[in-house]
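Undergrad: There's a structure below that I have some questions on.
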Amino acid sequence: MKPIITFGFLGSTLDRAQGADRWSKWRPTVAMCQQEDLLISRLELLVEPKFADLAKSVVADIAKVSPETGVVVHEFALKDPWDFQEVYERLYDFVRGYDFQPEKADYLIHLTTGTHVAQICWFLLNEANFIPARLLQTSPSREGGRDAKACGRYEIIDIDLSKYDRLSTRFAQEQERTLDFLKSGIATKSKGFNKLIEQIELVAVNSKAPILIMGPTGAGKSMLAGRIYDLRRSRAGLSGRFVEVNCATLRGDQAMSALFGHKRGSYTGAQSDRPGLLKEADKGLIFLDEIGELGLDEQAMLLRALEDKTFLPLGSDKAVQSDFQLIAGTNRDLRAQVAAGKFRDDLLARINLWTFTLPSLAERREDIAANLDFELERYAKTHRRQVRMNKEAREAFLKFAKGPESKWSANFRDLNAAVTRMATLAPKGRITVACVEAEVGRLREGWKDVSGGESSAQFSVLSDELDPFDHVQLEFVIKTCRESKTLSDAGRKLFAVSRMKRSKMNDADRLKKYLKRFDLTWEQISQ
């Protein structure tokens with residue numbers, strides 16, 4: 001069995017007793033060394049200098065009740081034992097300088113003595129793994145009050161929740177509620193997306209560093225940023241506002257002024273002082289959507305503001321302070337932007353610590369049903385009008401929405417618009433199959449350019465008869481043909497690798513035979 005080493009403060013009140021009757025009094029530091037089934041090999045006792053005499057008497061009494069226990073007294077001077085920052089910093093310095101050897105000894109932290117501030121600091125240091133210990137709590141006997149039995153009782157607490165089924169279950173439930181909150185209450189099935197949200201939850205609660213959210217337009221970056229803010233406000237102590245700005249709308253002096261503020265007269269039209277959005281986000285969080293649209297000058301100013309928490313408003317020679325947190329969003333490849341000289345590499349390095357890429361709606365087709373329900377509920381709350389879909393209409397819409405023909409090029413904006421149109425046009429608040437068919441037609445028309453003009457209409461006729469594999473392959477072939485001048489040119493592009501292995505290169509004939517399988521000709525698709 002490994003030796004047990006215990007850390008604890010001297011109890012300036014509870015450990016105090018004098019004369020022969022002190023042995024009938026419960027004194028926590030002495031009592032923990034009196035436990036028959038808890039042999040403490042060494043006690044690291046933290047003592048304020050003014051209680052040095054009390055410490056000597058306690059050490060002497062421990063030697064009598066537990067000769068095996070060695071006591072090491074550490075002078076622990078505090079200007080104010082109730083000052084959280086001072087106590088935490090002193091304890092932090094103490095434990096960082098201690099040579100812990102968990103493979104050779106077991107460690108306990110005696111939580112019963114010391115101020116409430118000291119107890120909280122012990123717990124925080126232990127939870128953060130600065131001290132590889134369990135918690136020791138001592139208390140007087142239950143029967144007869146404090147005088148009943150001097151040694152009292154004790155309990156060892158391991159804050160590893162996996163050992164406590166009830167606590168572990170409650171912790172898991174709380175985490176599930178948090179994940180559900182980040183997902184706006186949508187019961188998503190995508191394993192990749194759910195894993196992403198789990199990582200975001202950990203970062204949102206445990207880190208104040210910038211977060212970069214990447215993903216296509218309409219993938220939900222703005223909504224997620226707002227949810228992260230709400231989570232940090234409730235769990236991580238944010239007290240300021242949530243400020244959101246689309247950087248694509250900022251240009252020239254207006255961009256500098258909007259973000260960093262200005263002094264009156266700093267440029268034409270500056271009629272009064274303006275604090276700027278970064279200042280408005282002080283103690284809060286700012287979401288800079290489409291950060292790749294910022295100019296290089298604004299990027300340099302933002303970098304300084306992130307690193308120093310200070311910046312200069314336009315026309316001012318006095319720096320302004322703002323302790324804000326940042327979430328940045330982009331649908332661009334910022335590394336490519338850096339290579340093109342359009343984005344600062346040092347700013348990217350600063351905001352790239354936590355980067356999460358949201359998948360498109362087309363990559364999460366298994367979640368469309370849940371998001372359909374969410375959009376219907378949101379419509380009802382916004383318009384104060386309940387709209388329902390009958391079973392046949394729902395099945396028809398989901399068959400189309402989940403199929404490979406559906407591009408969802410604007411992602412959730414497309415889905416929101418589709419639900420809004422169907423709900424608005426629904427007779428007597430009930431979306432019918434006819435409503436769905438009309439909306440499917442609108443979506444197909446809107447996605448024509450995305451999938452290749454007229455070929456989209458031709459292809460949609462065949463979609464129900466094709467496997468998804470053939471669907472994707474044929475679409476690519478049609479797109480290549482429309483981009484080529486001749487049948488032979490298209491064949492050379494499509495068979496660029498295999499044609500080199502043939503003695504006779506008959507690319508046009510191969511392509512013609514492939515198209516014939518689908519009753520298509522070069523003349524039809526090349527128009």
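Please note that chains go A, B, ... in the order of the structure tokens, that every chain numbers its residues from 1, and that ligands are numbered from 1 in the order shown.
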Go through region 358-456 of chain A and flag each residue having an atom no more than 12 Å from region 321-337 of chain A; for those, report the closest pair of atoms plus their distance in Å to one decimal, using only C-alpha atoms, ordered by chain and rising number, as JSON lines.
TA:
{"residue": "A:Leu358", "atom": "CA", "partner": "A:Asn331", "partner_atom": "CA", "distance": 9.9}
{"residue": "A:Pro359", "atom": "CA", "partner": "A:Asn331", "partner_atom": "CA", "distance": 11.2}
{"residue": "A:Ser360", "atom": "CA", "partner": "A:Asn331", "partner_atom": "CA", "distance": 11.0}
{"residue": "A:Ala410", "atom": "CA", "partner": "A:Asn331", "partner_atom": "CA", "distance": 11.9}
Undergrad: If you run DSSP on this backbone, which residues of region 55-112 of chain A come out as strand (DSSP E or B), and could you give them as number ranges by chain?
TA: A: 70-75, 106-110
Undergrad: Keeping only C-alpha atoms, write the selected residues as a compact mmCIF listing (two decimals), in the first residue's frame.
TA:
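Wrote it out as result.txt, contents follow:
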# COMPACT_ATOMS: atom_id res chain seq x y z
CA GLY A 70 5.24 13.13 10.09
CA VAL A 71 4.10 16.75 10.09
CA VAL A 72 5.75 19.37 7.89
CA VAL A 73 4.73 22.91 8.80
CA HIS A 74 4.70 25.45 5.95
CA GLU A 75 4.53 29.12 6.85
CA ASP A 106 -1.59 8.74 -2.56
CA TYR A 107 -2.56 12.34 -1.89
CA LEU A 108 -5.47 13.83 0.05
CA ILE A 109 -6.65 17.43 0.50
CA HIS A 110 -8.25 18.17 3.88
Undergrad: Please list as number ranges by chain every residue within 8 Å of region 219-233 of chain A, counting only C-alpha atoms and excluding residues in the same chain fewer than 6 positions away.
TA: A: 178, 181-184, 201, 204-205, 213, 239, 242, 285, 287, 289, 327, 329, 358-361, 410-412
Undergrad: Using C-alpha atoms, can you export the residues from the last selection as a short mmCIF file (atom, residue, chain, number, x, y, z; two decimals), in the first residue's frame?
TA:
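Result went into again.cif, see below:
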data_model
loop_
_atom_site.label_atom_id
_atom_site.label_comp_id
_atom_site.auth_asym_id
_atom_site.auth_seq_id
_atom_site.Cartn_x
_atom_site.Cartn_y
_atom_site.Cartn_z
CA THR A 178 -25.99 21.91 -23.42
CA PHE A 181 -29.04 24.01 -26.77
CA LEU A 182 -26.16 24.49 -29.22
CA LYS A 183 -28.15 22.57 -31.84
CA SER A 184 -31.21 24.81 -31.22
CA GLU A 201 -19.26 22.76 -26.40
CA ALA A 204 -17.09 27.32 -25.64
CA VAL A 205 -17.05 26.58 -21.90
CA ILE A 213 -16.33 28.94 -37.91
CA SER A 239 -21.37 39.99 -18.91
CA PHE A 242 -23.37 39.98 -28.27
CA LEU A 285 -18.51 38.71 -27.64
CA PHE A 287 -19.13 37.82 -34.23
CA ASP A 289 -19.11 37.14 -40.17
CA ILE A 327 -15.92 34.46 -33.11
CA GLY A 329 -17.07 33.29 -39.67
CA LEU A 358 -19.92 23.38 -40.58
CA PRO A 359 -21.13 20.89 -43.19
CA SER A 360 -23.61 21.96 -45.83
CA LEU A 361 -27.24 20.85 -45.65
CA ALA A 410 -28.13 28.19 -50.06
CA ASN A 411 -28.31 25.52 -47.35
CA PHE A 412 -30.70 26.30 -44.48
#
Undergrad: Looking only at alpha helix (DSSP H) from DSSP on the backbone, list the matching residues of region 290-360 of chain A as a list in words.
TA: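 The alpha helix (DSSP H) residues within region 290-360 of chain A come out as Leu296, Asp297, Glu298, Gln299, Ala300, Met301, Leu302, Leu303, Arg304, Ala305, Leu306, Glu307, Asp308, Leu334, Arg335, Ala336, Gln337, Val338, Ala339, Asp345, Asp346, Leu347, Leu348, Ala349, Arg350 and Ile351 of chain A.
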Undergrad: Quick one: everything within 7 Å of Val433 (chain A), counting only C-alpha atoms, minus sequence neighbours fewer than 4 positions away in the same chain. Send it as a PyMOL selection string.
TA: chain A and resi 392-393+396+437
Undergrad: Give the answer as one residue: which of A:Ala105, A:Ile157, A:Leu425, A:Ala300 has the shortest atom-to-atom distance to Phe123 (chain A), using only C-alpha atoms?
TA: A:Ile157
Undergrad: Counting only C-alpha atoms, which residue out of A:Ile186, A:Leu135, A:Val65, A:Val47 sits closest to Glu377 (chain A)?
TA: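 Answer, going by the shortest atom-to-atom distance: A:Ile186.
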Undergrad: By how many Å are CA of Leu347 (chain A) and CA of Ile211 (chain A) apart?
TA: 12.4 Å
Undergrad: What is the distance, in Å and to one decimal place, between CA of Lys407 (chain A) and CA of Lys189 (chain A)?
TA: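 Taking CA of Lys407 (chain A) and CA of Lys189 (chain A), their separation equals 19.7 Å.
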Undergrad: Excluding Ser498 (chain A) and any residue of its chain fewer than 6 positions from it, enumerate the residues within 10 Å of it, using only C-alpha atoms, and give them as a ChimeraX atom specification.
TA: /A:492,505,507
Undergrad: Can I get the selection written as a CSV table (one decimal), in the first residue's frame, with N, CA and C atoms?
TA:
chain,number,residue,atom,x,y,z
A,492,ARG,N,-12.1,13.3,-74.7
A,492,ARG,CA,-10.7,13.4,-74.2
A,492,ARG,C,-10.6,13.8,-72.8
A,505,MET,N,-7.6,5.2,-79.9
A,505,MET,CA,-8.3,6.2,-79.1
A,505,MET,C,-9.6,6.6,-79.7
A,507,ASP,N,-12.4,8.1,-78.2
A,507,ASP,CA,-13.1,8.8,-77.1
A,507,ASP,C,-14.6,9.2,-77.5
Undergrad: May I ask for the distance between CA of Asp93 (chain A) and CA of Lys50 (chain A), given in Å to one decimal place?
TA: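 CA of Asp93 (chain A) sits 21.0 Å away from CA of Lys50 (chain A).
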Undergrad: Using only C-alpha atoms, I'd like a table of the residues in region 288-375 of chain A that come within 6 Å of region 246-263 of chain A; for each, show the closest atom pair and its distance in Å rounded to one decimal, ordered by chain and ascending number, as a tab-separated table.
TA:
residue	atom	partner	partner_atom	distance
A:Asp289	CA	A:Asn246	CA	4.7
A:Glu290	CA	A:Cys247	CA	5.5
A:Ile291	CA	A:Cys247	CA	5.7
A:Glu293	CA	A:Ala248	CA	5.3
A:Leu294	CA	A:Cys247	CA	5.9
A:Pro313	CA	A:His262	CA	4.7
A:Leu314	CA	A:His262	CA	4.3
A:Gly315	CA	A:Lys263	CA	5.4
Undergrad: Give the answer as one residue: which of A:Arg241, A:Val117, A:Ala150, A:Glu127 has the shortest atom-to-atom distance to Ala17 (chain A), using only C-alpha atoms?
TA: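 Using only C-alpha atoms, the shortest distance to Ala17 (chain A) belongs to A:Ala150.
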Undergrad: Looking at only C-alpha atoms, which of A:Gln175, A:Thr420, A:Gln18, A:Ser406 is the one that sits closest to Thr382 (chain A)?
TA: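 Ranked by minimum distance to Thr382 (chain A), first place goes to A:Thr420.
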